[in-house]
Each structure stands twice: as C-alpha cells, then as structure tokens.
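Containing compact mmCIF, C-alpha atoms and all ligand atoms: structure.txt.
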```txt
# COMPACT_ATOMS: atom_id res chain seq x y z
CA MET I 17 -4.11 12.56 -20.96
CA SER I 18 -3.94 14.04 -17.47
CA ASP I 19 -1.15 15.62 -15.47
CA THR I 20 0.00 13.57 -12.54
CA ALA I 21 -0.62 15.35 -9.26
CA THR I 22 2.52 16.61 -7.59
CA THR I 23 3.65 14.36 -4.80
CA ARG I 24 6.76 14.58 -2.65
CA HIS I 25 9.02 11.64 -1.95
CA GLY I 26 7.60 9.42 0.79
CA GLU I 27 4.23 11.18 0.85
CA THR I 28 0.85 9.51 0.48
CA THR I 29 -1.74 11.92 -0.86
CA GLY I 30 -5.51 11.70 -0.95
CA GLY I 31 -6.05 11.19 2.77
CA PHE I 32 -4.53 7.69 2.78
CA GLU I 33 -2.18 6.53 5.53
CA LYS I 34 0.77 4.32 4.80
CA THR I 35 0.82 0.84 6.30
CA PRO I 36 2.76 1.04 9.61
CA GLY I 37 6.43 0.22 9.03
CA TRP I 38 6.18 0.99 5.32
CA LEU I 39 9.61 1.57 3.74
CA ASP I 40 9.64 4.40 1.18
CA TRP I 41 11.50 3.97 -2.08
CA TYR I 42 15.04 5.33 -2.08
CA ASP I 43 15.41 8.86 -3.38
CA GLY I 44 18.60 9.68 -5.27
CA PRO I 45 19.88 6.26 -6.36
CA THR I 46 23.52 5.88 -7.34
CA LYS I 47 24.35 6.18 -11.01
CA PRO I 48 25.16 2.56 -11.91
CA THR I 49 28.70 1.60 -12.84
CA PHE I 50 27.37 -1.10 -15.16
CA GLN I 51 26.49 0.43 -18.50
CA LEU I 52 23.14 -0.95 -19.61
CA PRO I 53 23.01 -2.05 -23.25
CA GLU I 54 21.31 0.39 -25.60
CA GLY I 55 17.54 -0.08 -25.59
CA ALA I 56 17.40 -1.76 -22.16
CA VAL I 57 13.95 -2.36 -20.67
CA ASP I 58 13.05 -2.27 -16.97
CA ALA I 59 10.48 -5.06 -17.35
CA HIS I 60 9.01 -5.02 -13.85
CA CYS I 61 8.08 -1.82 -12.05
CA HIS I 62 4.94 -0.20 -10.66
CA VAL I 63 3.23 3.11 -10.08
CA PHE I 64 1.35 3.84 -6.85
CA GLY I 65 -1.28 6.54 -7.13
CA PRO I 66 -0.68 9.34 -6.40
CA GLY I 67 -3.51 8.53 -4.00
CA GLU I 68 -5.14 11.90 -4.49
CA GLN I 69 -5.54 11.28 -8.21
CA PHE I 70 -5.78 7.49 -8.37
CA PRO I 71 -7.20 6.20 -5.06
CA PHE I 72 -5.97 2.88 -3.70
CA ALA I 73 -8.44 -0.01 -3.90
CA PRO I 74 -10.71 -0.72 -0.91
CA GLU I 75 -9.70 -4.41 -0.99
CA ARG I 76 -5.92 -3.66 -0.85
CA LYS I 77 -3.71 -5.43 1.68
CA TYR I 78 -1.27 -2.52 2.07
CA THR I 79 -1.19 1.24 1.58
CA PRO I 80 2.06 2.48 0.04
CA CYS I 81 3.62 5.90 -0.33
CA ASP I 82 2.89 7.51 -3.67
CA ALA I 83 5.16 6.58 -6.57
CA SER I 84 4.08 8.55 -9.59
CA ALA I 85 4.67 8.03 -13.30
CA ASP I 86 6.94 11.09 -13.39
CA GLN I 87 9.02 9.70 -10.53
CA LEU I 88 9.28 6.37 -12.39
CA PHE I 89 10.37 8.08 -15.61
CA ALA I 90 13.02 10.06 -13.70
CA LEU I 91 14.39 6.78 -12.35
CA ARG I 92 14.34 5.22 -15.84
CA ASP I 93 16.45 8.09 -17.17
CA ARG I 94 18.83 8.13 -14.23
CA LEU I 95 19.57 4.39 -14.48
CA GLY I 96 19.87 4.42 -18.27
CA PHE I 97 16.84 2.37 -19.27
CA GLU I 98 15.06 3.15 -22.50
CA ARG I 99 11.65 1.71 -21.66
CA ASN I 100 9.49 0.27 -18.88
CA VAL I 101 6.99 -2.51 -18.39
CA ILE I 102 4.63 -1.28 -15.69
CA VAL I 103 2.83 -3.99 -13.76
CA GLN I 104 -0.45 -3.28 -12.01
CA ALA I 105 0.16 -3.41 -8.26
CA THR I 106 -2.32 -5.15 -5.97
CA CYS I 107 -2.91 -1.95 -3.97
CA HIS I 108 -4.88 -0.72 -7.00
CA GLY I 109 -6.91 -3.93 -7.37
CA ALA I 110 -8.50 -4.14 -10.84
CA ASP I 111 -8.70 -0.36 -11.18
CA ASN I 112 -6.08 0.19 -13.88
CA ARG I 113 -6.44 3.99 -14.15
CA ALA I 114 -3.03 4.84 -12.67
CA LEU I 115 -1.39 2.27 -14.96
CA VAL I 116 -3.20 3.51 -18.08
CA ASP I 117 -2.37 7.11 -17.25
CA ALA I 118 1.33 6.23 -16.87
CA LEU I 119 1.32 4.30 -20.17
CA LYS I 120 -0.27 7.20 -22.03
CA ARG I 121 2.21 9.64 -20.54
CA ALA I 122 5.16 7.43 -21.51
CA GLY I 123 4.78 8.24 -25.21
CA GLY I 124 5.26 4.66 -26.42
CA ARG I 125 8.15 4.00 -24.03
CA ALA I 126 6.11 1.79 -21.70
CA ARG I 127 3.93 -1.29 -21.92
CA GLY I 128 1.65 -2.55 -19.18
CA VAL I 129 0.37 -5.62 -17.40
CA ALA I 130 -3.11 -5.12 -15.97
CA THR I 131 -5.39 -6.82 -13.48
CA VAL I 132 -8.85 -7.60 -14.80
CA ARG I 133 -11.89 -9.43 -13.47
CA ARG I 134 -13.83 -12.15 -15.28
CA ASP I 135 -16.53 -9.66 -16.33
CA VAL I 136 -14.08 -7.45 -18.27
CA THR I 137 -15.65 -6.35 -21.56
CA GLU I 138 -14.23 -6.25 -25.08
CA ALA I 139 -14.41 -2.46 -25.01
CA GLN I 140 -12.36 -2.35 -21.80
CA LEU I 141 -9.78 -4.75 -23.23
CA ARG I 142 -9.53 -2.61 -26.36
CA GLU I 143 -8.97 0.52 -24.29
CA LEU I 144 -6.25 -1.23 -22.27
CA HIS I 145 -4.62 -2.57 -25.43
CA GLU I 146 -4.61 0.84 -27.06
CA ALA I 147 -2.93 2.30 -23.98
CA GLY I 148 -0.17 -0.35 -24.23
CA VAL I 149 -1.31 -3.22 -22.02
CA ARG I 150 -0.03 -6.58 -23.27
CA GLY I 151 -0.75 -8.93 -20.37
CA VAL I 152 -2.73 -9.68 -17.24
CA ARG I 153 -1.35 -10.64 -13.85
CA PHE I 154 -2.64 -13.52 -11.76
CA ASN I 155 -1.44 -13.24 -8.19
CA PHE I 156 -1.32 -16.24 -5.85
CA VAL I 157 0.67 -14.66 -3.01
CA LYS I 158 -1.70 -14.95 -0.05
CA ARG I 159 -0.50 -11.85 1.82
CA LEU I 160 -1.31 -9.73 -1.27
CA VAL I 161 -4.68 -10.92 -2.54
CA ASP I 162 -7.68 -13.13 -1.83
CA ARG I 163 -7.65 -16.23 -3.98
CA VAL I 164 -9.55 -15.95 -7.28
CA PRO I 165 -11.27 -19.19 -8.40
CA THR I 166 -9.59 -21.06 -11.23
CA ASP I 167 -12.65 -20.90 -13.50
CA SER I 168 -12.55 -17.08 -13.31
CA LEU I 169 -8.93 -17.10 -14.37
CA GLU I 170 -9.68 -19.48 -17.24
CA GLU I 171 -12.43 -17.16 -18.40
CA ILE I 172 -10.01 -14.23 -18.34
CA VAL I 173 -7.43 -16.20 -20.34
CA ALA I 174 -10.05 -16.98 -22.99
CA LYS I 175 -10.82 -13.25 -23.27
CA ILE I 176 -7.25 -11.97 -23.46
CA LYS I 177 -5.80 -14.65 -25.76
CA PRO I 178 -7.28 -13.18 -28.97
CA TRP I 179 -5.49 -9.92 -28.14
CA GLY I 180 -2.13 -11.72 -28.20
CA TRP I 181 -1.60 -10.94 -24.51
CA HIS I 182 0.26 -13.11 -22.02
CA VAL I 183 -0.30 -14.04 -18.37
CA VAL I 184 2.07 -12.98 -15.59
CA ILE I 185 1.93 -15.26 -12.55
CA TYR I 186 3.19 -14.45 -9.06
CA PHE I 187 3.42 -17.22 -6.49
CA GLU I 188 5.61 -18.60 -3.69
CA ALA I 189 7.84 -21.62 -4.41
CA GLU I 190 5.97 -23.75 -1.86
CA ASP I 191 2.74 -23.34 -3.87
CA LEU I 192 4.13 -24.49 -7.23
CA PRO I 193 3.34 -28.21 -6.71
CA ASP I 194 -0.38 -27.42 -6.29
CA LEU I 195 -0.49 -24.90 -9.13
CA TYR I 196 1.78 -26.77 -11.58
CA ASP I 197 -0.97 -28.35 -13.70
CA PHE I 198 -3.07 -25.21 -13.85
CA PHE I 199 -0.08 -23.13 -14.94
CA SER I 200 1.02 -25.74 -17.49
CA ALA I 201 -2.41 -25.60 -19.15
CA ILE I 202 -2.37 -21.81 -19.79
CA PRO I 203 -2.44 -21.52 -23.60
CA THR I 204 -0.70 -18.12 -23.88
CA ASP I 205 2.83 -17.07 -23.07
CA VAL I 206 3.30 -17.10 -19.31
CA VAL I 207 5.77 -14.94 -17.35
CA VAL I 208 6.72 -15.97 -13.83
CA ASP I 209 7.57 -13.17 -11.43
CA HIS I 210 10.88 -13.40 -9.58
CA MET I 211 11.68 -17.04 -10.46
CA GLY I 212 8.69 -18.22 -8.44
CA ARG I 213 10.24 -16.82 -5.25
CA PRO I 214 12.74 -19.55 -4.35
CA ASP I 215 13.98 -19.95 -0.79
CA VAL I 216 17.60 -19.04 -1.50
CA THR I 217 18.87 -20.73 1.65
CA LYS I 218 18.10 -23.99 -0.16
CA ASP I 219 20.25 -25.67 -2.79
CA PRO I 220 19.78 -24.20 -6.31
CA GLU I 221 20.26 -27.77 -7.54
CA GLY I 222 17.77 -29.12 -4.98
CA GLU I 223 14.18 -30.33 -5.16
CA GLU I 224 12.36 -27.01 -4.74
CA PHE I 225 14.18 -25.02 -7.42
CA GLY I 226 14.44 -28.19 -9.50
CA LEU I 227 10.66 -28.20 -9.82
CA PHE I 228 10.72 -24.63 -11.10
CA LEU I 229 13.43 -25.48 -13.64
CA ARG I 230 11.40 -28.50 -14.73
CA PHE I 231 8.34 -26.27 -15.14
CA MET I 232 10.31 -24.01 -17.49
CA ARG I 233 11.84 -26.95 -19.35
CA GLU I 234 8.51 -28.69 -19.92
CA ASN I 235 6.66 -25.52 -20.97
CA PRO I 236 8.43 -23.60 -23.74
CA ASN I 237 5.79 -20.85 -23.49
CA VAL I 238 6.98 -19.99 -19.95
CA TRP I 239 9.34 -17.07 -19.34
CA THR I 240 10.58 -15.72 -16.05
CA LYS I 241 11.78 -12.50 -14.51
CA VAL I 242 15.10 -13.06 -12.77
CA SER I 243 14.41 -9.96 -10.72
CA CYS I 244 14.01 -9.07 -7.04
CA PRO I 245 17.31 -10.19 -5.49
CA GLU I 246 16.58 -7.63 -2.76
CA ARG I 247 13.34 -9.47 -1.93
CA LEU I 248 14.77 -12.98 -2.06
CA SER I 249 18.16 -12.37 -0.46
CA VAL I 250 18.97 -13.32 3.10
CA THR I 251 22.57 -12.03 3.06
CA GLY I 252 21.43 -8.61 1.74
CA PRO I 253 22.94 -5.89 -0.39
CA ARG I 254 26.55 -6.55 0.59
CA ALA I 255 28.39 -9.86 0.52
CA LEU I 256 29.51 -11.09 3.90
CA ASP I 257 33.16 -10.60 2.95
CA GLY I 258 32.45 -6.90 2.43
CA GLU I 259 33.09 -6.90 -1.32
CA GLN I 260 31.06 -4.58 -3.49
CA HIS I 261 28.87 -7.38 -4.78
CA ALA I 262 25.21 -7.27 -3.98
CA TYR I 263 22.81 -10.07 -3.09
CA THR I 264 25.31 -12.85 -3.76
CA ASP I 265 23.10 -15.58 -2.28
CA VAL I 266 20.53 -15.07 -5.08
CA VAL I 267 23.14 -15.17 -7.85
CA PRO I 268 23.37 -19.00 -8.30
CA PHE I 269 19.59 -19.16 -8.82
CA ALA I 270 19.27 -16.30 -11.28
CA ARG I 271 22.46 -17.16 -13.18
CA ARG I 272 21.33 -20.78 -13.54
CA VAL I 273 18.07 -19.63 -15.16
CA VAL I 274 19.69 -17.03 -17.41
CA GLU I 275 22.17 -19.62 -18.70
CA GLU I 276 19.65 -22.41 -19.29
CA PHE I 277 16.87 -20.22 -20.73
CA PRO I 278 18.65 -17.18 -22.22
CA ASP I 279 15.77 -16.40 -24.58
CA ARG I 280 13.00 -16.54 -21.95
CA VAL I 281 14.30 -14.27 -19.19
CA LEU I 282 13.41 -10.70 -18.30
CA TRP I 283 14.60 -8.35 -15.59
CA GLY I 284 13.15 -5.35 -13.78
CA THR I 285 13.94 -3.12 -10.83
CA ASP I 286 10.60 -3.73 -9.06
CA TRP I 287 10.63 -0.02 -8.16
CA PRO I 288 9.08 1.27 -5.86
CA HIS I 289 9.66 -2.05 -4.06
CA PRO I 290 6.42 -2.72 -2.19
CA ASN I 291 6.39 -4.44 1.19
CA LEU I 292 10.09 -4.73 1.85
CA LYS I 293 10.77 -5.16 5.55
CA ASP I 294 14.50 -4.95 6.22
CA HIS I 295 16.03 -2.55 3.71
CA MET I 296 15.18 -0.44 0.70
CA PRO I 297 17.53 -1.06 -2.22
CA ASP I 298 19.50 1.56 -4.07
CA ASP I 299 18.23 0.98 -7.62
CA GLY I 300 21.66 1.86 -9.01
CA LEU I 301 23.10 -1.03 -7.00
CA LEU I 302 20.41 -3.31 -8.41
CA VAL I 303 21.58 -2.46 -11.93
CA ASP I 304 25.16 -3.16 -10.84
CA TYR I 305 24.01 -6.63 -9.73
CA LEU I 306 23.17 -7.57 -13.34
CA PRO I 307 26.62 -8.69 -14.58
CA GLN I 308 26.69 -11.28 -11.81
CA ILE I 309 23.69 -13.09 -13.32
CA ALA I 310 24.15 -12.30 -17.03
CA THR I 311 27.88 -12.64 -17.38
CA THR I 312 28.46 -11.85 -21.06
CA PRO I 313 27.37 -8.96 -23.32
CA GLU I 314 25.33 -11.48 -25.35
CA LEU I 315 23.37 -12.67 -22.31
CA GLN I 316 22.93 -9.10 -21.10
CA LYS I 317 21.50 -8.02 -24.45
CA LYS I 318 19.04 -10.92 -24.53
CA LEU I 319 17.92 -10.31 -20.95
CA LEU I 320 17.56 -6.55 -21.15
CA VAL I 321 16.85 -5.72 -24.79
CA ASP I 322 15.96 -8.60 -27.12
CA ASN I 323 13.63 -10.63 -24.88
CA PRO I 324 11.49 -7.77 -23.56
CA GLY I 325 11.48 -6.31 -27.07
CA ARG I 326 10.08 -9.56 -28.50
CA LEU I 327 7.41 -9.90 -25.83
CA TYR I 328 6.29 -6.28 -25.45
CA TRP I 329 7.27 -4.47 -28.68
CA PRO I 330 7.14 -7.18 -31.39
CA LYS I 331 7.84 -5.99 -34.90
CA GLY I 332 4.74 -4.51 -36.51
CA SER I 333 2.97 -3.89 -33.19
C1 LIG U 401 6.32 -7.15 -6.54
C2 LIG U 401 6.13 -7.79 -5.25
C3 LIG U 401 5.18 -7.56 -4.31
C4 LIG U 401 3.99 -6.81 -4.47
C5 LIG U 401 3.25 -6.68 -5.57
O1 LIG U 401 1.42 -5.99 -6.77
C6 LIG U 401 1.94 -6.02 -5.67
O2 LIG U 401 1.44 -5.55 -4.66
O3 LIG U 401 3.66 -7.19 -6.72
C7 LIG U 401 5.37 -8.20 -2.99
O4 LIG U 401 4.88 -7.67 -2.00
O5 LIG U 401 6.05 -9.25 -2.94
O6 LIG U 401 6.61 -7.82 -7.52
O7 LIG U 401 6.16 -5.94 -6.64
```
Could you take the file, read its structure, and then write that structure out as structure tokens?
Amino acid sequence: MSDTATTRHGETTGGFEKTPGWLDWYDGPTKPTFQLPEGAVDAHCHVFGPGEQFPFAPERKYTPCDASADQLFALRDRLGFERNVIVQATCHGADNRALVDALKRAGGRARGVATVRRDVTEAQLRELHEAGVRGVRFNFVKRLVDRVPTDSLEEIVAKIKPWGWHVVIYFEAEDLPDLYDFFSAIPTDVVVDHMGRPDVTKDPEGEEFGLFLRFMRENPNVWTKVSCPERLSVTGPRALDGEQHAYTDVVPFARRVVEEFPDRVLWGTDWPHPNLKDHMPDDGLLVDYLPQIATTPELQKKLLVDNPGRLYWPKGS
C-alpha cells in the first residue's frame, strides 16, 4: 500500500499539462439537503493520477487535473456516501495502478471496474479481484478511445466470467442500433453508463430512448446507471423558471428508468467529471437531484443501497 502523492486542487503533477479548456472539479461542494439513505454507494466515480505517481497513458485522448483517492474519499464523506465504485478512466488506458491503489486504500469501502486487454493473465485478474475489482469497462465513445475489435472483447468476457465479474458499457445513443446484438449476447451482467447517453431534447417516449428501454426489457441481465444529468442536460443546473431544481430536462428519462427497472439501477456522482465543457457541477447539488428521479424512500434505497450492494458487495463476498 502506498501513500498518494500530495496534489493541490486543479493541479496536474508529473510534468503533464491539462488539455486546453479543461474544467477542474469543484472544490468545496455544498452539503446536500437530501439525506442519503444509510449505506449509500456512489457507484460511478474515478481517480486521476496523481500524474506524478500514476502517469497518464500515452494513448489517452485527454489530460485531466489530478483527482486523488484521498480527494475522492473526502468527497464521499462530505456528501454522506458510505462506499464508492471506482471506474477506470480512459486517461489511464489499461494501466489500473491508480485504481488498485485507491481500492487498497479504501479499506473495503470501494470496489472497482477495470480496463483490461485481451492478453490479460489469470494472475493479473486475481490481483485485480483481490484488490476489489468486480467488472471491466468496454468503451465505445469515439472521442474517448480507439475502437477495440469485437473478438477481443469476447475473449475478455470469456476470461472475466469465471470471476463472477460484469461488463460496464459506455456508448452514445446513436450507436445502440449497431451494437444492440453484440450487447445482447454478453453472458454476464451488463451495466450501461448514463442510460446510454440519450439526447434529452428528444421525447423520452420516442424512438431513440424507446430502443434503450427495449434493450433493458429484453435483457434482464442489463442494469443501468441513471447518472450524469450534468453531462446530458441542455437546460443545466437550474430550471428555466429559476426554481432550485437541477437538470430538470434529464428527469423524465431517469425517472422513467428508475420506475420501470427499480432493481437494476445504480447512481454515481461521476466525480471528477471528465471532459465537461460548459459547467462543473457542485456534487452536493447532484445529490439533491436524486429525489427528482427516485421519488420514494423505497426507490431511493434500491437505487443507492440495495442494488449496488447486490452487484458489488454480495453476501459472502
Ligand atoms: C464518464 C464520462 C466520460 C469519460 C470517461 O473514462 C473516461 O474517460 O468515462 C466522458 O468524457 O463522457 O463517465 O466519466
């Protein structure tokens, strides 16, 4: 177990330079008004570097500011989460050292989702599992990664399935028609990031989101994160009428999914919010968004406690 290098807010250590226009995560988020249920899990967040200790991957498409494990744990405590699921970010490629370090330092309070290549060995999978990794991420967002051939991904699935891991998939809504059959054939649990990134200016009852809902309906092994309103929203963190409700244009999409699939939804902050262009969210405000999409204590408990508990901390694990 190593100590994370000290890094100041907004800094990128190790001689790296942030991508021009990079927005740094927000320091000093509001304490949420919404009281998270006991045992709540932030099921989608990342660590970046620190670059000095965990260099960013040569093949990365962006260079972020550092976002260390200690800074993530401080956010967890401030917002009132109990645990985290840390997802390998593309800026680290398939070098999972920063993720593994964060998992080890979390003392059982974090699980991980890694990125691996087709040549990953049993010994490497064992090491990742022992650190707390329970899934791999396949990314199809073109601005983030170069496309990996399907046969490579199938080979990875065959290797991770015996470990009881799942596959996290990240894609844009417009790519679902092409990827539908491949995704439907994945034999493990599958978790879709951010509801497959719907265009929220379209009708939540329309064709595009309808295909996503059909995908979930037809595949009972598919779960989704109803996260990232700040990434999907066009109206932004305040409603147009000035009320204290955030990201209202995303609400009909997320609420629809939570209500139809209450046992297969997860939620996370997405801290430190890579690649946002127009604003950086206050993570406290993101927590206060939750009652808009999970409107009863029962739904909130499933979304934030029971579902991530079942997937990442099953009994006896
Ligand atoms: C997210 C979203 C993004 C980035 C990554 O791994 C990543 O680099 O996931 C994005 O830019 O949309 O879920 O963090």
Write out as an NGL selection string each polymer residue (protein, DNA or RNA) that has an atom no more than 6 Å from ligand LIG 401 (chain U), with all atoms listed in the file counted.
:I and (105-107 or 286 or 289-291)
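For the point (21.5, 3.1, -15.7), the residues with at least one atom inside 8 Å, counting all atoms listed in the file, are Lys47, Pro48, Thr49, Phe50, Gln51, Leu52, Arg92, Asp93, Arg94, Leu95, Gly96, Phe97, Gly300 and Val303 of chain I.
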Could the residues in this selection be saved with C-alpha atoms as a PDB file, in the coordinates of the input?
```
ATOM      1  CA  LYS I  47      24.350   6.180 -11.010  1.00  0.00           C
ATOM      2  CA  PRO I  48      25.160   2.560 -11.910  1.00  0.00           C
ATOM      3  CA  THR I  49      28.700   1.600 -12.840  1.00  0.00           C
ATOM      4  CA  PHE I  50      27.370  -1.100 -15.160  1.00  0.00           C
ATOM      5  CA  GLN I  51      26.490   0.430 -18.500  1.00  0.00           C
ATOM      6  CA  LEU I  52      23.140  -0.950 -19.610  1.00  0.00           C
ATOM      7  CA  ARG I  92      14.340   5.220 -15.840  1.00  0.00           C
ATOM      8  CA  ASP I  93      16.450   8.090 -17.170  1.00  0.00           C
ATOM      9  CA  ARG I  94      18.830   8.130 -14.230  1.00  0.00           C
ATOM     10  CA  LEU I  95      19.570   4.390 -14.480  1.00  0.00           C
ATOM     11  CA  GLY I  96      19.870   4.420 -18.270  1.00  0.00           C
ATOM     12  CA  PHE I  97      16.840   2.370 -19.270  1.00  0.00           C
ATOM     13  CA  GLY I 300      21.660   1.860  -9.010  1.00  0.00           C
ATOM     14  CA  VAL I 303      21.580  -2.460 -11.930  1.00  0.00           C
TER      15      VAL I 303
END
```
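When all atoms listed in the file are used to compute distances to Asp135 in chain I, the closest of the residues I:Arg113, I:Ala118, I:Gln104, I:Glu171 turns out to be I:Glu171.
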Near His25 in chain I, within 9 Å and counting all atoms listed in the file, which residues show up once chain neighbours fewer than 4 positions away are dropped, as a PyMOL selection string?
chain I and resi 40-43+81-83+87
Who sits within 6 Å of Thr131 in chain I, only C-alpha atoms, same chain under 2 positions skipped, as an MDAnalysis selection string:
chainID I and resid 110 152:153
Please identify all polymer residues within 12 Å of range 120-124 of chain I, counting all atoms listed in the file, omitting same-chain residues fewer than 5 positions from it, and present them as an mmCIF file with C-alpha atoms, keeping the file's coordinate frame.
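Writing done, so here's part.cif:
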```
data_model
loop_
_atom_site.group_PDB
_atom_site.id
_atom_site.type_symbol
_atom_site.label_atom_id
_atom_site.label_comp_id
_atom_site.auth_asym_id
_atom_site.auth_seq_id
_atom_site.Cartn_x
_atom_site.Cartn_y
_atom_site.Cartn_z
ATOM 1 C CA MET I 17 -4.110 12.560 -20.960
ATOM 2 C CA SER I 18 -3.940 14.040 -17.470
ATOM 3 C CA ASP I 19 -1.150 15.620 -15.470
ATOM 4 C CA THR I 20 0.000 13.570 -12.540
ATOM 5 C CA SER I 84 4.080 8.550 -9.590
ATOM 6 C CA ALA I 85 4.670 8.030 -13.300
ATOM 7 C CA ASP I 86 6.940 11.090 -13.390
ATOM 8 C CA GLN I 87 9.020 9.700 -10.530
ATOM 9 C CA LEU I 88 9.280 6.370 -12.390
ATOM 10 C CA PHE I 89 10.370 8.080 -15.610
ATOM 11 C CA ALA I 90 13.020 10.060 -13.700
ATOM 12 C CA ARG I 92 14.340 5.220 -15.840
ATOM 13 C CA GLU I 98 15.060 3.150 -22.500
ATOM 14 C CA ARG I 99 11.650 1.710 -21.660
ATOM 15 C CA ASN I 100 9.490 0.270 -18.880
ATOM 16 C CA VAL I 101 6.990 -2.510 -18.390
ATOM 17 C CA ILE I 102 4.630 -1.280 -15.690
ATOM 18 C CA ARG I 113 -6.440 3.990 -14.150
ATOM 19 C CA ALA I 114 -3.030 4.840 -12.670
ATOM 20 C CA LEU I 115 -1.390 2.270 -14.960
ATOM 21 C CA GLU I 143 -8.970 0.520 -24.290
ATOM 22 C CA LEU I 144 -6.250 -1.230 -22.270
ATOM 23 C CA HIS I 145 -4.620 -2.570 -25.430
ATOM 24 C CA GLU I 146 -4.610 0.840 -27.060
ATOM 25 C CA ALA I 147 -2.930 2.300 -23.980
ATOM 26 C CA GLY I 148 -0.170 -0.350 -24.230
ATOM 27 C CA VAL I 149 -1.310 -3.220 -22.020
ATOM 28 C CA TYR I 328 6.290 -6.280 -25.450
ATOM 29 C CA TRP I 329 7.270 -4.470 -28.680
ATOM 30 C CA SER I 333 2.970 -3.890 -33.190
#
```
Within 6 Å of range 204-215 of chain I, counting all atoms listed in the file, which residues qualify if same-chain residues fewer than 2 places away don't, as an MDAnalysis selection string?
chainID I and resid 182:189 202 217:218 237:244
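Proximity ranking of I:Ala310, I:Val250, I:Ile176, I:Ala262 relative to Val274 in chain I places I:Ala310 first, based on all atoms listed in the file.
For the pair CA of Val57 in chain I and CA of Val321 in chain I, the interatomic distance is 6.1 Å.
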Neighbours of Gly31 in chain I within 10 Å (all atoms listed in the file; same-chain residues fewer than 6 positions away dropped), as an MDAnalysis selection string?
chainID I and resid 67:68 71
Here is a test: counting all atoms listed in the file, which residue of I:Phe198, I:Trp181, I:Phe70, I:Tyr305 is nearest to Tyr263 in chain I?
I:Tyr305
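Nearest to Pro36 in chain I of all the residues I:Lys293, I:Thr137, I:Asp58, I:Gly226 is I:Lys293, based on all atoms listed in the file.
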Residues within 12 Å of (16.1, -10.8, -27.2), counting all atoms listed in the file, listed as a PyMOL selection string
chain I and resi 53+55-57+277-283+314-330
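CA of His108 in chain I lies 10.9 Å from CA of Pro66 in chain I.
CA of Arg76 in chain I sits 14.7 Å away from CA of Val63 in chain I.
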Considering all atoms listed in the file, can you say which of I:Pro80, I:Pro165, I:Pro253, I:Pro297 comes closest to Thr28 in chain I?
I:Pro80
Some atoms are absent from range 109-115 of chain I, so rebuild all heavy atoms and return them as a tab-separated table (two decimals), in the frame of the given file.
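The result, written out as out-v8.tsv:
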```
chain	number	residue	atom	x	y	z
I	109	GLY	N	-5.91	-2.95	-6.98
I	109	GLY	CA	-6.91	-3.93	-7.37
I	109	GLY	C	-7.03	-4.04	-8.89
I	109	GLY	O	-6.01	-4.09	-9.59
I	110	ALA	N	-8.28	-4.06	-9.38
I	110	ALA	CA	-8.50	-4.14	-10.84
I	110	ALA	C	-8.84	-2.77	-11.41
I	110	ALA	O	-9.39	-2.67	-12.52
I	110	ALA	CB	-9.60	-5.14	-11.15
I	111	ASP	N	-8.52	-1.72	-10.68
I	111	ASP	CA	-8.70	-0.36	-11.18
I	111	ASP	C	-7.37	0.06	-11.84
I	111	ASP	O	-6.41	0.42	-11.14
I	111	ASP	CB	-9.06	0.57	-10.01
I	111	ASP	CG	-9.17	2.02	-10.44
I	111	ASP	OD1	-8.81	2.34	-11.60
I	111	ASP	OD2	-9.60	2.85	-9.62
I	112	ASN	N	-7.34	0.00	-13.15
I	112	ASN	CA	-6.08	0.19	-13.88
I	112	ASN	C	-5.83	1.64	-14.30
I	112	ASN	O	-5.00	1.90	-15.16
I	112	ASN	CB	-6.08	-0.71	-15.13
I	112	ASN	CG	-6.08	-2.19	-14.79
I	112	ASN	OD1	-5.08	-2.71	-14.27
I	112	ASN	ND2	-7.19	-2.88	-15.03
I	113	ARG	N	-6.54	2.60	-13.68
I	113	ARG	CA	-6.44	3.99	-14.15
I	113	ARG	C	-5.03	4.58	-14.00
I	113	ARG	O	-4.56	5.29	-14.88
I	113	ARG	CB	-7.45	4.88	-13.44
I	113	ARG	CG	-8.86	4.75	-14.02
I	113	ARG	CD	-9.83	5.58	-13.24
I	113	ARG	NE	-9.94	5.12	-11.85
I	113	ARG	CZ	-10.57	5.78	-10.89
I	113	ARG	NH1	-11.14	6.95	-11.15
I	113	ARG	NH2	-10.64	5.30	-9.66
I	114	ALA	N	-4.38	4.29	-12.87
I	114	ALA	CA	-3.03	4.84	-12.67
I	114	ALA	C	-2.07	4.25	-13.71
I	114	ALA	O	-1.23	4.96	-14.28
I	114	ALA	CB	-2.54	4.55	-11.26
I	115	LEU	N	-2.23	2.95	-13.96
I	115	LEU	CA	-1.39	2.27	-14.96
I	115	LEU	C	-1.62	2.87	-16.35
I	115	LEU	O	-0.66	3.23	-17.06
I	115	LEU	CB	-1.73	0.77	-14.96
I	115	LEU	CG	-1.16	-0.06	-16.10
I	115	LEU	CD1	0.36	-0.16	-16.00
I	115	LEU	CD2	-1.76	-1.48	-16.08
```
